[in-house]
$ cat query.cif   # mmCIF, C-alpha atoms
data_work
#
loop_
_atom_site.group_PDB
_atom_site.id
_atom_site.type_symbol
_atom_site.label_atom_id
_atom_site.label_comp_id
_atom_site.auth_asym_id
_atom_site.auth_seq_id
_atom_site.Cartn_x
_atom_site.Cartn_y
_atom_site.Cartn_z
ATOM 1 C CA MET A 1 0.000 0.000 0.000
ATOM 2 C CA SER A 2 1.081 3.590 -0.588
ATOM 3 C CA GLY A 3 -0.330 7.046 -0.060
ATOM 4 C CA HIS A 4 -1.505 9.414 -2.756
ATOM 5 C CA THR A 5 -2.987 12.903 -2.654
ATOM 6 C CA ASP A 6 -4.147 15.100 -5.524
ATOM 7 C CA ASN A 7 -5.281 18.630 -4.684
ATOM 8 C CA SER A 8 -5.708 21.760 -6.755
ATOM 9 C CA ILE A 9 -6.902 25.322 -6.392
ATOM 10 C CA LEU A 10 -7.731 28.128 -8.795
ATOM 11 C CA VAL A 11 -5.707 31.276 -8.104
ATOM 12 C CA ASN A 12 -7.068 34.530 -9.511
ATOM 13 C CA ALA A 13 -3.670 35.668 -10.807
ATOM 14 C CA ASP A 14 -1.704 35.152 -14.007
ATOM 15 C CA ILE A 15 0.497 32.082 -14.333
ATOM 16 C CA ASP A 16 3.758 34.076 -14.225
ATOM 17 C CA THR A 17 2.842 35.609 -10.864
ATOM 18 C CA VAL A 18 1.697 32.296 -9.354
ATOM 19 C CA TRP A 19 4.777 30.479 -10.682
ATOM 20 C CA THR A 20 7.230 33.121 -9.462
ATOM 21 C CA MET A 21 5.758 33.559 -6.002
ATOM 22 C CA THR A 22 5.249 29.872 -5.203
ATOM 23 C CA ASN A 23 8.706 28.890 -6.409
ATOM 24 C CA ASP A 24 10.561 31.584 -4.465
ATOM 25 C CA LEU A 25 11.812 29.118 -1.846
ATOM 26 C CA GLU A 26 13.258 31.780 0.440
ATOM 27 C CA SER A 27 9.751 33.280 0.869
ATOM 28 C CA TRP A 28 8.166 29.985 1.943
ATOM 29 C CA PRO A 29 8.157 30.803 5.692
ATOM 30 C CA ASP A 30 5.987 33.827 4.774
ATOM 31 C CA LEU A 31 3.948 32.013 2.121
ATOM 32 C CA PHE A 32 3.154 28.816 4.069
ATOM 33 C CA THR A 33 1.809 28.771 7.611
ATOM 34 C CA GLU A 34 3.612 25.480 8.406
ATOM 35 C CA TYR A 35 7.237 26.423 7.683
ATOM 36 C CA ALA A 36 9.425 28.273 10.177
ATOM 37 C CA SER A 37 12.574 28.375 8.038
ATOM 38 C CA ILE A 38 14.285 27.237 4.877
ATOM 39 C CA GLU A 39 17.977 26.873 4.163
ATOM 40 C CA ILE A 40 19.118 26.526 0.551
ATOM 41 C CA ILE A 41 21.954 23.997 0.680
ATOM 42 C CA GLU A 42 22.793 23.763 -3.017
ATOM 43 C CA LYS A 43 21.548 25.133 -6.338
ATOM 44 C CA THR A 44 22.451 23.551 -9.658
ATOM 45 C CA GLY A 45 20.596 25.054 -12.607
ATOM 46 C CA ASN A 46 16.888 24.713 -11.785
ATOM 47 C CA THR A 47 17.471 22.124 -9.045
ATOM 48 C CA PHE A 48 17.501 23.177 -5.412
ATOM 49 C CA ARG A 49 18.503 21.109 -2.392
ATOM 50 C CA PHE A 50 17.171 22.671 0.790
ATOM 51 C CA ARG A 51 16.319 22.075 4.439
ATOM 52 C CA LEU A 52 12.779 22.871 5.551
ATOM 53 C CA THR A 53 11.942 23.275 9.223
ATOM 54 C CA MET A 54 8.335 23.334 10.332
ATOM 55 C CA ARG A 55 6.876 25.442 13.087
ATOM 56 C CA PRO A 56 6.756 23.418 16.334
ATOM 57 C CA ASP A 57 3.836 21.005 16.622
ATOM 58 C CA GLU A 58 1.522 20.638 19.629
ATOM 59 C CA ASN A 59 4.294 18.704 21.429
ATOM 60 C CA GLY A 60 6.914 21.371 20.713
ATOM 61 C CA THR A 61 8.709 19.285 18.066
ATOM 62 C CA ALA A 62 10.006 21.229 15.041
ATOM 63 C CA TRP A 63 10.260 18.651 12.240
ATOM 64 C CA SER A 64 12.993 19.222 9.666
ATOM 65 C CA TRP A 65 14.168 17.452 6.511
ATOM 66 C CA VAL A 66 16.161 17.932 3.311
ATOM 67 C CA SER A 67 14.358 17.905 -0.033
ATOM 68 C CA GLU A 68 15.358 18.357 -3.631
ATOM 69 C CA ARG A 69 13.162 20.343 -6.018
ATOM 70 C CA THR A 70 13.591 20.698 -9.792
ATOM 71 C CA LEU A 71 11.752 23.452 -11.634
ATOM 72 C CA ASP A 72 10.647 23.142 -15.254
ATOM 73 C CA PRO A 73 9.695 26.753 -16.071
ATOM 74 C CA VAL A 74 8.829 25.943 -19.704
ATOM 75 C CA GLY A 75 6.491 23.069 -18.786
ATOM 76 C CA ARG A 76 5.255 24.936 -15.684
ATOM 77 C CA GLN A 77 5.836 21.979 -13.402
ATOM 78 C CA VAL A 78 8.012 21.068 -10.444
ATOM 79 C CA ARG A 79 9.166 17.661 -9.257
ATOM 80 C CA ALA A 80 10.437 17.205 -5.727
ATOM 81 C CA HIS A 81 11.402 14.432 -3.357
ATOM 82 C CA ARG A 82 12.697 14.109 0.152
ATOM 83 C CA ILE A 83 16.388 13.328 0.533
ATOM 84 C CA GLU A 84 16.068 12.856 4.307
ATOM 85 C CA THR A 85 12.940 10.764 4.335
ATOM 86 C CA GLY A 86 12.351 10.502 8.093
ATOM 87 C CA PRO A 87 9.194 8.430 8.672
ATOM 88 C CA PHE A 88 8.688 8.030 4.897
ATOM 89 C CA GLU A 89 10.206 5.297 2.768
ATOM 90 C CA TYR A 90 9.729 7.859 -0.005
ATOM 91 C CA MET A 91 7.896 11.115 -0.683
ATOM 92 C CA HIS A 92 7.512 12.416 -4.245
ATOM 93 C CA ILE A 93 5.713 15.659 -5.060
ATOM 94 C CA HIS A 94 4.621 16.985 -8.449
ATOM 95 C CA TRP A 95 3.328 20.553 -8.803
ATOM 96 C CA THR A 96 1.718 21.714 -12.039
ATOM 97 C CA TYR A 97 0.440 25.111 -13.133
ATOM 98 C CA THR A 98 -2.065 25.663 -15.944
ATOM 99 C CA THR A 99 -3.867 28.728 -17.179
ATOM 100 C CA GLU A 100 -7.589 28.498 -16.516
ATOM 101 C CA GLY A 101 -9.600 31.468 -17.742
ATOM 102 C CA THR A 102 -7.850 34.560 -16.367
ATOM 103 C CA GLY A 103 -6.413 32.608 -13.431
ATOM 104 C CA THR A 104 -4.040 29.748 -12.738
ATOM 105 C CA ARG A 105 -4.847 26.216 -11.615
ATOM 106 C CA MET A 106 -2.156 25.090 -9.155
ATOM 107 C CA ARG A 107 -2.131 21.324 -8.541
ATOM 108 C CA TRP A 108 -0.055 19.320 -6.060
ATOM 109 C CA VAL A 109 0.190 15.521 -6.307
ATOM 110 C CA GLN A 110 2.004 13.661 -3.531
ATOM 111 C CA ASP A 111 2.951 9.979 -3.646
ATOM 112 C CA PHE A 112 4.517 8.408 -0.591
ATOM 113 C CA HIS A 113 4.883 5.369 1.594
ATOM 114 C CA LEU A 114 5.485 5.439 5.345
ATOM 115 C CA ARG A 115 7.847 3.119 7.145
ATOM 116 C CA PRO A 116 6.248 0.428 9.336
ATOM 117 C CA THR A 117 7.754 2.191 12.374
ATOM 118 C CA ALA A 118 6.159 5.569 11.519
ATOM 119 C CA PRO A 119 3.599 6.963 13.985
ATOM 120 C CA LEU A 120 0.963 7.033 11.201
ATOM 121 C CA ASN A 121 0.072 4.657 8.387
ATOM 122 C CA ASP A 122 -0.378 5.667 4.728
ATOM 123 C CA GLU A 123 -4.138 6.159 5.075
ATOM 124 C CA GLN A 124 -3.768 8.389 8.136
ATOM 125 C CA MET A 125 -1.021 10.429 6.452
ATOM 126 C CA THR A 126 -3.177 10.772 3.333
ATOM 127 C CA ASP A 127 -5.951 12.248 5.476
ATOM 128 C CA ARG A 128 -3.510 14.592 7.233
ATOM 129 C CA LEU A 129 -1.896 15.738 4.002
ATOM 130 C CA ASN A 130 -5.273 16.305 2.322
ATOM 131 C CA THR A 131 -6.377 18.479 5.258
ATOM 132 C CA ASN A 132 -3.131 20.451 5.487
ATOM 133 C CA THR A 133 -2.650 20.815 1.730
ATOM 134 C CA VAL A 134 -6.138 22.224 1.179
ATOM 135 C CA ARG A 135 -5.587 24.716 4.019
ATOM 136 C CA GLU A 136 -2.117 25.745 2.809
ATOM 137 C CA MET A 137 -3.262 26.112 -0.796
ATOM 138 C CA ALA A 138 -6.077 28.454 0.308
ATOM 139 C CA VAL A 139 -3.644 30.577 2.334
ATOM 140 C CA ILE A 140 -1.213 30.713 -0.597
ATOM 141 C CA ARG A 141 -4.022 31.567 -3.036
ATOM 142 C CA ASP A 142 -5.111 34.465 -0.843
ATOM 143 C CA LYS A 143 -1.564 35.813 -0.453
ATOM 144 C CA VAL A 144 -0.757 35.526 -4.174
ATOM 145 C CA GLU A 145 -4.070 37.150 -5.145
ATOM 146 C CA ARG A 146 -3.423 40.083 -2.757
ATOM 147 C CA ALA A 147 0.106 40.527 -4.123
ATOM 148 C CA ALA A 148 -1.181 40.355 -7.719
ATOM 149 C CA ALA A 149 -3.870 42.941 -6.942
ATOM 150 C CA ALA A 150 -1.155 45.175 -5.464
ATOM 151 C CA GLY A 151 0.826 44.807 -8.696
ATOM 152 C CA SER A 152 3.637 42.592 -7.358
ATOM 153 C CA LYS A 153 4.703 39.453 -9.199
ATOM 154 C CA THR A 154 7.561 38.588 -6.896
ATOM 155 C CA SER A 155 6.984 39.691 -3.342
ATOM 156 C CA LEU A 156 4.603 39.197 -0.478
ATOM 157 C CA ALA A 157 5.917 42.453 1.004
ATOM 158 C CA ASP A 158 3.526 44.518 -1.138
ATOM 159 C CA ALA A 159 0.483 42.449 -0.232
ATOM 160 C CA PRO A 160 -1.629 43.407 2.798
ATOM 161 C CA ALA A 161 -1.172 41.088 5.777
ATOM 162 C CA ALA A 162 -3.494 38.106 6.036
ATOM 163 C CA ARG A 163 -5.005 36.397 9.022
ATOM 164 C CA VAL A 164 -3.209 33.082 9.519
ATOM 165 C CA PRO A 165 -5.659 30.223 10.163
ATOM 166 C CA GLU A 166 -5.281 27.841 13.065
ATOM 167 C CA GLN A 167 -2.956 24.872 12.515
ATOM 168 C CA VAL A 168 -4.706 21.522 12.018
#
$ encode --input "query.cif" --output "structure tokens"
Amino acid sequence: MSGHTDNSILVNADIDTVWTMTNDLESWPDLFTEYASIEIIEKTGNTFRFRLTMRPDENGTAWSWVSERTLDPVGRQVRAHRIETGPFEYMHIHWTYTTEGTGTRMRWVQDFHLRPTAPLNDEQMTDRLNTNTVREMAVIRDKVERAAAAGSKTSLADAPAARVPEQV
């Protein structure tokens, strides 16, 4: 058995703005509610190796791992996988961006399998990821739309501040 999620959201902003803002790794702690910090370890062409650290969970644990992410700006897609897999045997992520009307459809597909010793099984992690991904995508949509309305294609700094929803 393995886990699989497939979530998408329509962002009322052009594809260049959505692409640029969501692939600016250094802004992720401001873009996502879950991430406390990011450290770019290595960049080779359009491939980034980086360490993500989450905000502490309800037990005070700040989870951290290294991932690798390769951008395909022409195809408007990103492929990523965890290098430090932690409780996962593997975690593969595929982001795609397509123009839909005057907006952009952003889609995230995650395929994974948890180790037998992990605190959750694949079904439980699927449920958790589906909950968190939908929430994060909505937050990102709102931030990108505010930045686009303010005329910024690259920065959250120009967008009005948003209320951050409760962590699930």
$ atom_distance --input "query.cif" --atom1 "atom CA of Met91 of chain A" --atom2 "atom CA of Asp111 of chain A"
5.9 Å
$ residues_near_point --input "query.cif" --point "(-8.2, 36.2, -11.8)" --cutoff "10 Å" --atoms "all atoms listed in the file" --output "PyMOL selection string"
chain A and resi 10-15+100-104+145+148-149
$ residues_around --input "query.cif" --residues "segment 77-90 of chain A" --least-positions-apart "6" --cutoff "12 Å" --atoms "only C-alpha atoms" --output "CSV table (one decimal) with C-alpha atoms, keeping the file's coordinate frame"
chain,number,residue,atom,x,y,z
A,1,MET,CA,0.0,0.0,0.0
A,2,SER,CA,1.1,3.6,-0.6
A,3,GLY,CA,-0.3,7.0,-0.1
A,4,HIS,CA,-1.5,9.4,-2.8
A,15,ILE,CA,0.5,32.1,-14.3
A,18,VAL,CA,1.7,32.3,-9.4
A,19,TRP,CA,4.8,30.5,-10.7
A,20,THR,CA,7.2,33.1,-9.5
A,22,THR,CA,5.2,29.9,-5.2
A,23,ASN,CA,8.7,28.9,-6.4
A,46,ASN,CA,16.9,24.7,-11.8
A,47,THR,CA,17.5,22.1,-9.0
A,48,PHE,CA,17.5,23.2,-5.4
A,49,ARG,CA,18.5,21.1,-2.4
A,50,PHE,CA,17.2,22.7,0.8
A,51,ARG,CA,16.3,22.1,4.4
A,52,LEU,CA,12.8,22.9,5.6
A,63,TRP,CA,10.3,18.7,12.2
A,64,SER,CA,13.0,19.2,9.7
A,65,TRP,CA,14.2,17.5,6.5
A,66,VAL,CA,16.2,17.9,3.3
A,67,SER,CA,14.4,17.9,0.0
A,68,GLU,CA,15.4,18.4,-3.6
A,69,ARG,CA,13.2,20.3,-6.0
A,70,THR,CA,13.6,20.7,-9.8
A,71,LEU,CA,11.8,23.5,-11.6
A,96,THR,CA,1.7,21.7,-12.0
A,97,TYR,CA,0.4,25.1,-13.1
A,98,THR,CA,-2.1,25.7,-15.9
A,105,ARG,CA,-4.8,26.2,-11.6
A,106,MET,CA,-2.2,25.1,-9.2
A,107,ARG,CA,-2.1,21.3,-8.5
A,108,TRP,CA,-0.1,19.3,-6.1
A,109,VAL,CA,0.2,15.5,-6.3
A,110,GLN,CA,2.0,13.7,-3.5
A,111,ASP,CA,3.0,10.0,-3.6
A,112,PHE,CA,4.5,8.4,-0.6
A,113,HIS,CA,4.9,5.4,1.6
A,114,LEU,CA,5.5,5.4,5.3
A,115,ARG,CA,7.8,3.1,7.1
A,116,PRO,CA,6.2,0.4,9.3
A,117,THR,CA,7.8,2.2,12.4
A,118,ALA,CA,6.2,5.6,11.5
A,119,PRO,CA,3.6,7.0,14.0
A,120,LEU,CA,1.0,7.0,11.2
A,121,ASN,CA,0.1,4.7,8.4
A,122,ASP,CA,-0.4,5.7,4.7
A,125,MET,CA,-1.0,10.4,6.5
$ atom_distance --input "query.cif" --atom1 "atom CA of Leu129 of chain A" --atom2 "atom CA of Thr44 of chain A"
29.0 Å
$ axis_aligned_box --input "query.cif" --around "segment 35-54 of chain A" --padding-each-side "8 Å" --output "lines of an AutoDock Vina configuration file"
center_x = 15.0
center_y = 24.7
center_z = -1.1
size_x = 31.6
size_y = 23.3
size_z = 38.9
$ closest_residue --input "query.cif" --among "A:Glu123, A:Thr133, A:Gly151, A:Trp95" --to "Phe32 of chain A" --atoms "only C-alpha atoms"
A:Thr133
$ residues_around --input "query.cif" --residues "Ala36 of chain A" --least-positions-apart "4" --cutoff "8 Å" --atoms "only C-alpha atoms" --output "PyMOL selection string"
chain A and resi 29+52-55
$ atom_distance --input "query.cif" --atom1 "atom CA of Gly60 of chain A" --atom2 "atom CA of His94 of chain A"
29.6 Å
$ resolve_selection --input "query.cif" --expression "the PyMOL selection byres ((chain A and resi 135) around 12)" --output "PyMOL selection string"
chain A and resi 7-9+32-34+128-134+136-142+164-168
$ decode --input "query.cif" --residues "segment 50-68 of chain A" --atoms "N, CA, C and O atoms" --output "PDB file, in the first residue's frame"
ATOM      1  N   PHE A  50      17.443  21.750  -0.302  1.00  0.00           N
ATOM      2  CA  PHE A  50      17.171  22.671   0.790  1.00  0.00           C
ATOM      3  C   PHE A  50      16.657  21.944   2.021  1.00  0.00           C
ATOM      4  O   PHE A  50      16.152  20.835   1.938  1.00  0.00           O
ATOM      5  N   ARG A  51      16.833  22.589   3.168  1.00  0.00           N
ATOM      6  CA  ARG A  51      16.319  22.075   4.439  1.00  0.00           C
ATOM      7  C   ARG A  51      15.111  22.916   4.824  1.00  0.00           C
ATOM      8  O   ARG A  51      15.191  24.132   4.907  1.00  0.00           O
ATOM      9  N   LEU A  52      13.998  22.240   5.056  1.00  0.00           N
ATOM     10  CA  LEU A  52      12.779  22.871   5.551  1.00  0.00           C
ATOM     11  C   LEU A  52      12.627  22.528   7.020  1.00  0.00           C
ATOM     12  O   LEU A  52      12.851  21.380   7.416  1.00  0.00           O
ATOM     13  N   THR A  53      12.247  23.503   7.818  1.00  0.00           N
ATOM     14  CA  THR A  53      11.942  23.275   9.223  1.00  0.00           C
ATOM     15  C   THR A  53      10.541  23.802   9.472  1.00  0.00           C
ATOM     16  O   THR A  53      10.227  24.945   9.124  1.00  0.00           O
ATOM     17  N   MET A  54       9.716  22.952  10.052  1.00  0.00           N
ATOM     18  CA  MET A  54       8.335  23.334  10.332  1.00  0.00           C
ATOM     19  C   MET A  54       8.251  24.108  11.641  1.00  0.00           C
ATOM     20  O   MET A  54       9.141  24.026  12.483  1.00  0.00           O
ATOM     21  N   ARG A  55       7.159  24.810  11.799  1.00  0.00           N
ATOM     22  CA  ARG A  55       6.876  25.442  13.087  1.00  0.00           C
ATOM     23  C   ARG A  55       6.635  24.306  14.089  1.00  0.00           C
ATOM     24  O   ARG A  55       6.175  23.231  13.709  1.00  0.00           O
ATOM     25  N   PRO A  56       6.944  24.498  15.356  1.00  0.00           N
ATOM     26  CA  PRO A  56       6.756  23.418  16.334  1.00  0.00           C
ATOM     27  C   PRO A  56       5.308  22.921  16.371  1.00  0.00           C
ATOM     28  O   PRO A  56       4.369  23.706  16.256  1.00  0.00           O
ATOM     29  N   ASP A  57       5.171  21.602  16.528  1.00  0.00           N
ATOM     30  CA  ASP A  57       3.836  21.005  16.622  1.00  0.00           C
ATOM     31  C   ASP A  57       3.308  21.142  18.045  1.00  0.00           C
ATOM     32  O   ASP A  57       3.941  21.790  18.892  1.00  0.00           O
ATOM     33  N   GLU A  58       2.161  20.517  18.309  1.00  0.00           N
ATOM     34  CA  GLU A  58       1.522  20.638  19.629  1.00  0.00           C
ATOM     35  C   GLU A  58       2.391  20.086  20.762  1.00  0.00           C
ATOM     36  O   GLU A  58       2.205  20.436  21.923  1.00  0.00           O
ATOM     37  N   ASN A  59       3.376  19.244  20.423  1.00  0.00           N
ATOM     38  CA  ASN A  59       4.294  18.704  21.429  1.00  0.00           C
ATOM     39  C   ASN A  59       5.602  19.486  21.506  1.00  0.00           C
ATOM     40  O   ASN A  59       6.524  19.087  22.223  1.00  0.00           O
ATOM     41  N   GLY A  60       5.707  20.559  20.716  1.00  0.00           N
ATOM     42  CA  GLY A  60       6.914  21.371  20.713  1.00  0.00           C
ATOM     43  C   GLY A  60       8.002  20.863  19.788  1.00  0.00           C
ATOM     44  O   GLY A  60       9.110  21.405  19.775  1.00  0.00           O
ATOM     45  N   THR A  61       7.718  19.840  18.982  1.00  0.00           N
ATOM     46  CA  THR A  61       8.709  19.285  18.066  1.00  0.00           C
ATOM     47  C   THR A  61       8.695  20.071  16.756  1.00  0.00           C
ATOM     48  O   THR A  61       7.638  20.253  16.146  1.00  0.00           O
ATOM     49  N   ALA A  62       9.861  20.533  16.324  1.00  0.00           N
ATOM     50  CA  ALA A  62      10.006  21.229  15.041  1.00  0.00           C
ATOM     51  C   ALA A  62      10.625  20.236  14.052  1.00  0.00           C
ATOM     52  O   ALA A  62      11.827  20.007  14.073  1.00  0.00           O
ATOM     53  N   TRP A  63       9.797  19.640  13.208  1.00  0.00           N
ATOM     54  CA  TRP A  63      10.260  18.651  12.240  1.00  0.00           C
ATOM     55  C   TRP A  63      11.074  19.343  11.150  1.00  0.00           C
ATOM     56  O   TRP A  63      10.760  20.449  10.725  1.00  0.00           O
ATOM     57  N   SER A  64      12.113  18.656  10.674  1.00  0.00           N
ATOM     58  CA  SER A  64      12.993  19.222   9.666  1.00  0.00           C
ATOM     59  C   SER A  64      13.475  18.106   8.745  1.00  0.00           C
ATOM     60  O   SER A  64      13.659  16.972   9.188  1.00  0.00           O
ATOM     61  N   TRP A  65      13.676  18.430   7.474  1.00  0.00           N
ATOM     62  CA  TRP A  65      14.168  17.452   6.511  1.00  0.00           C
ATOM     63  C   TRP A  65      14.780  18.167   5.320  1.00  0.00           C
ATOM     64  O   TRP A  65      14.559  19.348   5.101  1.00  0.00           O
ATOM     65  N   VAL A  66      15.563  17.415   4.540  1.00  0.00           N
ATOM     66  CA  VAL A  66      16.161  17.932   3.311  1.00  0.00           C
ATOM     67  C   VAL A  66      15.381  17.378   2.134  1.00  0.00           C
ATOM     68  O   VAL A  66      15.060  16.182   2.084  1.00  0.00           O
ATOM     69  N   SER A  67      15.058  18.274   1.197  1.00  0.00           N
ATOM     70  CA  SER A  67      14.358  17.905  -0.033  1.00  0.00           C
ATOM     71  C   SER A  67      15.135  18.424  -1.227  1.00  0.00           C
ATOM     72  O   SER A  67      15.995  19.297  -1.104  1.00  0.00           O
ATOM     73  N   GLU A  68      14.799  17.872  -2.375  1.00  0.00           N
ATOM     74  CA  GLU A  68      15.358  18.357  -3.631  1.00  0.00           C
ATOM     75  C   GLU A  68      14.188  18.674  -4.548  1.00  0.00           C
ATOM     76  O   GLU A  68      13.233  17.900  -4.641  1.00  0.00           O
TER      77      GLU A  68
END
